[in-house]
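Peer 1: Once you've had a glance at the structure underneath, I'll fire off some questions.
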Amino acid sequence: MKTYLRIYRWSMQMKLHMALYTFVTIFLKAVCSLLQGVNSLPIMDIATMWLVSLVFAMIESAIYPENSSCTKGRTLAWAVVANLCFIGGAWMFGWFAELPLRGKIILVVFLEMGLAMMRFGDQFVLKMDSAQLTKELKQYQKKI
């Protein structure tokens, strides 16, 4: 039962990140398409965006297993894999092939900013929340 619960907890966390990455890639594709006068998204683009996000989220969970510390090596590995997955996926599947070079550069800048915000949120904000909850729990335990 412990193994099942551990796998279940892992999959729930991994799927949360997968969903976030999928949403952002689909959103960016939709915005780019709308700016070009196209008001539909190919199903294959959506499917491959989901697949790339799934693969990255699974690799991400291997780089940062539950309760792991944030080291420079892990962060570097995570950033390299993220760029390979999303830039490689966009190139391999042609998600943004119709964009001019300047548009592709802007998308890469957005990718880097989004990845930085994701790492910041995972490593610092969530840990600050956890520390605050621990502090409040200790205060509550003292009252009892």
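Please note that chains go A, B, ... in the order of the structure tokens, that every chain numbers its residues from 1, and that ligands are numbered from 1 in the order shown.
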DSSP on the backbone: what in chain A comes out helix (DSSP H, G or I), as an NGL selection string?

Peer 2: :A and (2-35 or 43-63 or 72-93 or 101-143)

Peer 1: Report as JSON lines: every residue of range 66-136 of chain A with an atom at most 10 Å from range 29-52 of chain A, its closest pair of atoms, and their distance in Å to one decimal, counting only C-alpha atoms, with rows sorted by chain and ascending residue number.

Peer 2:
{"residue": "A:Ala82", "atom": "CA", "partner": "A:Val52", "partner_atom": "CA", "distance": 9.8}
{"residue": "A:Cys85", "atom": "CA", "partner": "A:Val52", "partner_atom": "CA", "distance": 6.4}
{"residue": "A:Phe86", "atom": "CA", "partner": "A:Val52", "partner_atom": "CA", "distance": 7.0}
{"residue": "A:Gly88", "atom": "CA", "partner": "A:Val52", "partner_atom": "CA", "distance": 9.3}
{"residue": "A:Gly89", "atom": "CA", "partner": "A:Val52", "partner_atom": "CA", "distance": 6.5}
{"residue": "A:Ala90", "atom": "CA", "partner": "A:Met49", "partner_atom": "CA", "distance": 8.3}
{"residue": "A:Met92", "atom": "CA", "partner": "A:Thr48", "partner_atom": "CA", "distance": 9.8}
{"residue": "A:Phe93", "atom": "CA", "partner": "A:Thr48", "partner_atom": "CA", "distance": 7.2}
{"residue": "A:Gly94", "atom": "CA", "partner": "A:Asp45", "partner_atom": "CA", "distance": 8.2}
{"residue": "A:Trp95", "atom": "CA", "partner": "A:Asp45", "partner_atom": "CA", "distance": 6.3}
{"residue": "A:Phe96", "atom": "CA", "partner": "A:Lys29", "partner_atom": "CA", "distance": 7.2}
{"residue": "A:Glu98", "atom": "CA", "partner": "A:Gln36", "partner_atom": "CA", "distance": 9.0}
{"residue": "A:Leu99", "atom": "CA", "partner": "A:Cys32", "partner_atom": "CA", "distance": 8.0}
{"residue": "A:Gly103", "atom": "CA", "partner": "A:Cys32", "partner_atom": "CA", "distance": 8.7}
{"residue": "A:Leu107", "atom": "CA", "partner": "A:Cys32", "partner_atom": "CA", "distance": 9.6}

Peer 1: What separation in Å, quoted to one decimal, exists between CA of Met18 in chain A and CA of Val108 in chain A?

Peer 2: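 Here the two named atoms are 19.0 Å from each other.
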
Peer 1: Please, what distance in Å, to one decimal, runs between CA of Phe23 in chain A and CA of Ser68 in chain A?

Peer 2: 26.0 Å

Peer 1: Could you check how far CA of Thr75 in chain A sits from CA of Leu101 in chain A, in Å to one decimal?

Peer 2: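 Taking CA of Thr75 in chain A as the start and CA of Leu101 in chain A as the end point, the length is 28.2 Å.
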
Peer 1: For a quick check of understanding, using only C-alpha atoms, which of A:His17, A:Lys72, A:Lys104, A:Lys135 has the smallest distance to Phe56 in chain A?

Peer 2: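 With only C-alpha atoms as the atom set, the closest residue is A:His17.
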
Peer 1: My list of candidates is A:Asn83, A:Gln123, A:Pro65, A:Ala97. Which is closest to Val109 in chain A when distances are computed with only C-alpha atoms?

Peer 2: A:Asn83
